Amino acid sequence: MSILSKILSLRVKVKIIPDDLLKLGIDFNKPIIYVLDTDSLISRVVLKTECEMNQLSYKNLPEHWPNLPSVMANKQLRGFWNRKANYVVFQENLKTILTFLKQNPKEKVQLVPVSVFLGMAPNKNAGIFKILFSEQWSIGGRLRKFFSILFHGKNTLLRFSQPILLNRELDASESVQALSKKISRVLRVHFYRVKTSVVGPDLSHRRTVAKNILKRPKVHQEIENYAKRKKISLAKSEKEARKIIKEIASDYSYSIVSLFAKVLTKFWTKVYNGVVFNHFEEFRTRSQKYEVVYAPCHRSHIDYLIMSYALHERGVVPPHIAAGINLNMPVMGSILRRSGAFFIRRSFNSALYSTIFSEYLSALLAHGVSIEYFIEGTRSRTGRLLQPKAGMLAMTIKSYLNERNKPLMFQPAHVNYEKLMEGNSYQNELGGKSKKGESLRGLIKARKLLKQEFGRLTVNFSDPIMLDDMLDKYKPNWREITLTHKKKPEWFKSLVNDCGQEIMQRINSAAHVNPINLLAITLLSTPNHSAGVDNLSQQINFYKELLASLPYSSKVTMTKLDSQEIFDLGVKLGFIEVVPHELGDVIRVKKEQGILMTYYRNNILHLFAVSSFIAMSLVNQRQLQRREILRLLGVVYPYVKNELYLHWSREEFIAHGRKTIEVLKQLEVLKTANRTVERYPGGTIEAGKMRVLANALMQTYERFFIVVAVLSKSGSEQLTVPQLETLCHKTASKLNLLYGFNSPDFFDKSLFKNFIANLKSEKVIETDKSGKIIFTDSLKTFYLGAKRLLSRRIRHSVLNLLEPNNKSINHQNKDERNH
């Protein structure tokens, strides 16, 4: 065995998963028996060698124990050509152990399941050699094992799992024989799940999945319907269907994924200062029992690569990714397709296309293939989460209802960049220039970006969403239901909408706060986007203390750099500059980076939703009753919740407000006495900190005020919703020019649209039969509250800008009535 170990060391390079075995609950000071799925001399040698190299317990059974091997295998393969699984040997060994433990109750032992993988994913579409070379599902022979070591030895994974404490499994009412069979069955299921998570589902179906899609009854019927609608032959209709499935379907190749992984390893090292994955082990433990749909936020084209790369590196099979058809460009489209991408059109304007795509998605889910898509539908250009698109989500849930294998869970993830590769193009788009389409030429030109530095990339996994739990809530008898392509029931629409909102909220609940985020949210809240070094350092430290003292959620993470290191990084990445001065250096945002910095500020605005509002409530008055601050929090709650995807209920939001007041008092930036909250006098350091904090979300509430002011000045039944959106957009755009906010999202028409929709859902406004907006007395309350919060300068500027517009609207309405 030692000779074999030396031979294997020449070709085998092992990666142990997880990195920290103690998190699994293994106690290496107590007796351990390792359990393999299948008996293999190679696997035993790999396990023994790695245990010795990493100083892990091996052969630590006490001498007075029965003569038992320290490594067992759940099944033995018998036969030379037609090898069959046999579980008797393991079950007999288990009976010996269980009998001994029953006779010696104080003795303890841990069964630690261990899986050894030579290569991480098969690809049956690519021919016999890749089947021989890579890990697969069928029972392979010794020749295949030889080729696996030869070609994939350097990609060997050694996967440890949580131990089974046999003492706890003992049951006086259950015989030793029955218990040994039960444990063997449990291990069979466990090893199957582990292999599925690492290797992927059994791929025996994959090579024919496209053909099978076209044979499905729903697709076949739609092909006939398409032929009738277009008045073409059935053969031409079938040809169109084949063209569509060819356009959509992924052509997953392990060789391409492995090549990509190697290229990306060099890419991350050259371009990024590390890629960090947080909360991943919690996901790994849970994911084996579920069909996984990854749902990260969409910031950059790099998003397509990072999740697959990180999962591959951590021994989890990469998902199939829904990619926009715009990425199906020559050469690159083929590479992406063979890396697991399947392509989706921007709009489903064909019933044939919609049916084929829906059935393809159903097939992936039914065969246990994990998938990934961006629920926002496109990359965010503002740094805010976008409104979730219902299309893919609805198809996923419908597919699961009609055809399911394992329970399904959505895994939201927050992707955070210290510097975006698309930063310049985003800045141009935010400045009013049109978006450039993706092309191979553009990709080649982008190679110059490889000479730049882009800081650190962080991915935080949030708490998952279990689809079964949501279905139980909306339709308790959902297991008995089959949905058709016809009109969906109302409960289904509500489920899809709430599931989308929940995904967005959980993405925000796992935010990462990087150094550029802190610089952006601080400097953009200061006059001229600049501050003295000492003041900026104090403000950033204040923010870090605030976030640490009262975390938004347990999944939120934050940079560990100190203020000076943050400044150095900001300068290095080209966002800020240091201006020397005799009375103390000044740090300011570079002029050309002002617009882009709003992107990084918006990434973390939701973390300051409560604290910034409390600071804002004390801008125009030195003190305010605590209950009045909390009442105002309750008033703005539904609007700020929907814009920033906050995870709190109204009661939780107000409760968080109470805690925030206490924390701000502890941080000595507020005073409280006799249920009154008071800020420090103007000109003090404490007042300065609160003013900068208030400015963080000031533009959000100023935008709210613009809508309310436009409605109030125009009067009820004067404006339609599109007219209101346009007028608000123009007013905000003019204010942006007048006051140099340099923030394109301040006059973002979609944000006005969403706020107006929220006013309608909160019954503050409604529309009559002609589409004119009617508002209730609640609007006046909102208007008066806004007047207390916002500065006189902004309020008067808004009202002055509205005067000529009101005359124009009144004149227009008069003409309509006369007509």
# chains A, B, ... in the order shown; residues from 1 in each chain; ligands from 1
>>> residues_around(residues="stretch 531-535 of chain A", least_positions_apart="6", cutoff="9 Å", atoms="only C-alpha atoms", output="count of residues only")
10
>>> residues_around(residues="A:Val636", least_positions_apart="4", cutoff="10 Å", atoms="only C-alpha atoms", output="VMD selection string")
chain A and resid 613 631 to 632 640 to 641 650 701 704 782 785 to 786
>>> residues_around(residues="A:Ile465", least_positions_apart="5", cutoff="9 Å", atoms="only C-alpha atoms", output="NGL selection string")
:A and (408-412 or 470 or 499 or 502-503 or 506)
>>> residues_around(residues="stretch 402-405 of chain A", least_positions_apart="2", cutoff="7 Å", atoms="only C-alpha atoms", output="JSON, numbers by chain")
{"A": [362, 365, 366, 368, 398, 399, 400, 407, 482, 483]}
>>> select_by_dssp(residues="stretch 224-417 of chain A", states="helix (DSSP H, G or I)", output="VMD selection string")
chain A and resid 224 to 230 234 to 248 254 to 271 280 to 287 303 to 313 325 to 327 332 to 338 351 to 366 390 to 402
>>> residues_around(residues="A:Asp745", least_positions_apart="3", cutoff="9 Å", atoms="only C-alpha atoms", output="PyMOL selection string")
chain A and resi 382+430+598+748-749+751
>>> closest_residue(among="A:Arg286, A:Lys475, A:Lys270, A:His606", to="A:Leu385", atoms="only C-alpha atoms")
A:His606
>>> residues_around(residues="A:Met395", least_positions_apart="4", cutoff="8 Å", atoms="only C-alpha atoms", output="PDB file with all heavy atoms, in the first residue's frame")
ATOM      1  N   SER A 358     -40.424  26.516 -21.998  1.00  0.00           N
ATOM      2  CA  SER A 358     -41.021  26.068 -20.735  1.00  0.00           C
ATOM      3  C   SER A 358     -40.793  24.578 -20.515  1.00  0.00           C
ATOM      4  O   SER A 358     -40.456  24.143 -19.403  1.00  0.00           O
ATOM      5  CB  SER A 358     -42.513  26.392 -20.728  1.00  0.00           C
ATOM      6  OG  SER A 358     -43.100  25.979 -19.521  1.00  0.00           O
ATOM      7  N   LEU A 361     -37.112  23.901 -19.658  1.00  0.00           N
ATOM      8  CA  LEU A 361     -36.861  24.212 -18.255  1.00  0.00           C
ATOM      9  C   LEU A 361     -37.403  23.102 -17.357  1.00  0.00           C
ATOM     10  O   LEU A 361     -36.749  22.696 -16.388  1.00  0.00           O
ATOM     11  CB  LEU A 361     -37.512  25.550 -17.901  1.00  0.00           C
ATOM     12  CG  LEU A 361     -37.171  26.154 -16.545  1.00  0.00           C
ATOM     13  CD1 LEU A 361     -35.690  26.502 -16.463  1.00  0.00           C
ATOM     14  CD2 LEU A 361     -38.008  27.395 -16.278  1.00  0.00           C
ATOM     15  N   GLY A 391     -41.232  36.375 -15.460  1.00  0.00           N
ATOM     16  CA  GLY A 391     -41.236  35.330 -16.478  1.00  0.00           C
ATOM     17  C   GLY A 391     -40.574  34.023 -16.087  1.00  0.00           C
ATOM     18  O   GLY A 391     -41.222  32.968 -16.010  1.00  0.00           O
ATOM     19  N   SER A 399     -43.241  24.679 -13.742  1.00  0.00           N
ATOM     20  CA  SER A 399     -42.550  23.432 -14.076  1.00  0.00           C
ATOM     21  C   SER A 399     -42.464  22.519 -12.864  1.00  0.00           C
ATOM     22  O   SER A 399     -42.647  21.300 -12.973  1.00  0.00           O
ATOM     23  CB  SER A 399     -41.145  23.733 -14.612  1.00  0.00           C
ATOM     24  OG  SER A 399     -41.205  24.492 -15.794  1.00  0.00           O
TER      25      SER A 399
END
>>> atom_distance(atom1="atom CA of A:Gln110", atom2="atom CA of A:Ile33")
6.1 Å
>>> residues_around(residues="A:Leu305", least_positions_apart="5", cutoff="12 Å", atoms="only C-alpha atoms", output="list in words")
Val257, Phe260, Ala261, Val263, Leu264, Thr265, Phe267, Trp268, Val275, Pro296, His298, Ser300, Ala310, Leu311, His312, Pro318, Pro319, His320, Ile321, Ala323, Ile335, Leu336, Ser339, Gly340, Ala341, Glu372 and Val415 of chain A
>>> closest_residue(among="A:Val721, A:Ile356, A:Met53, A:Met597", to="A:Arg216", atoms="only C-alpha atoms")
A:Ile356
>>> closest_residue(among="A:Val635, A:Lys108, A:Val663, A:Tyr600", to="A:Leu547", atoms="only C-alpha atoms")
A:Val663
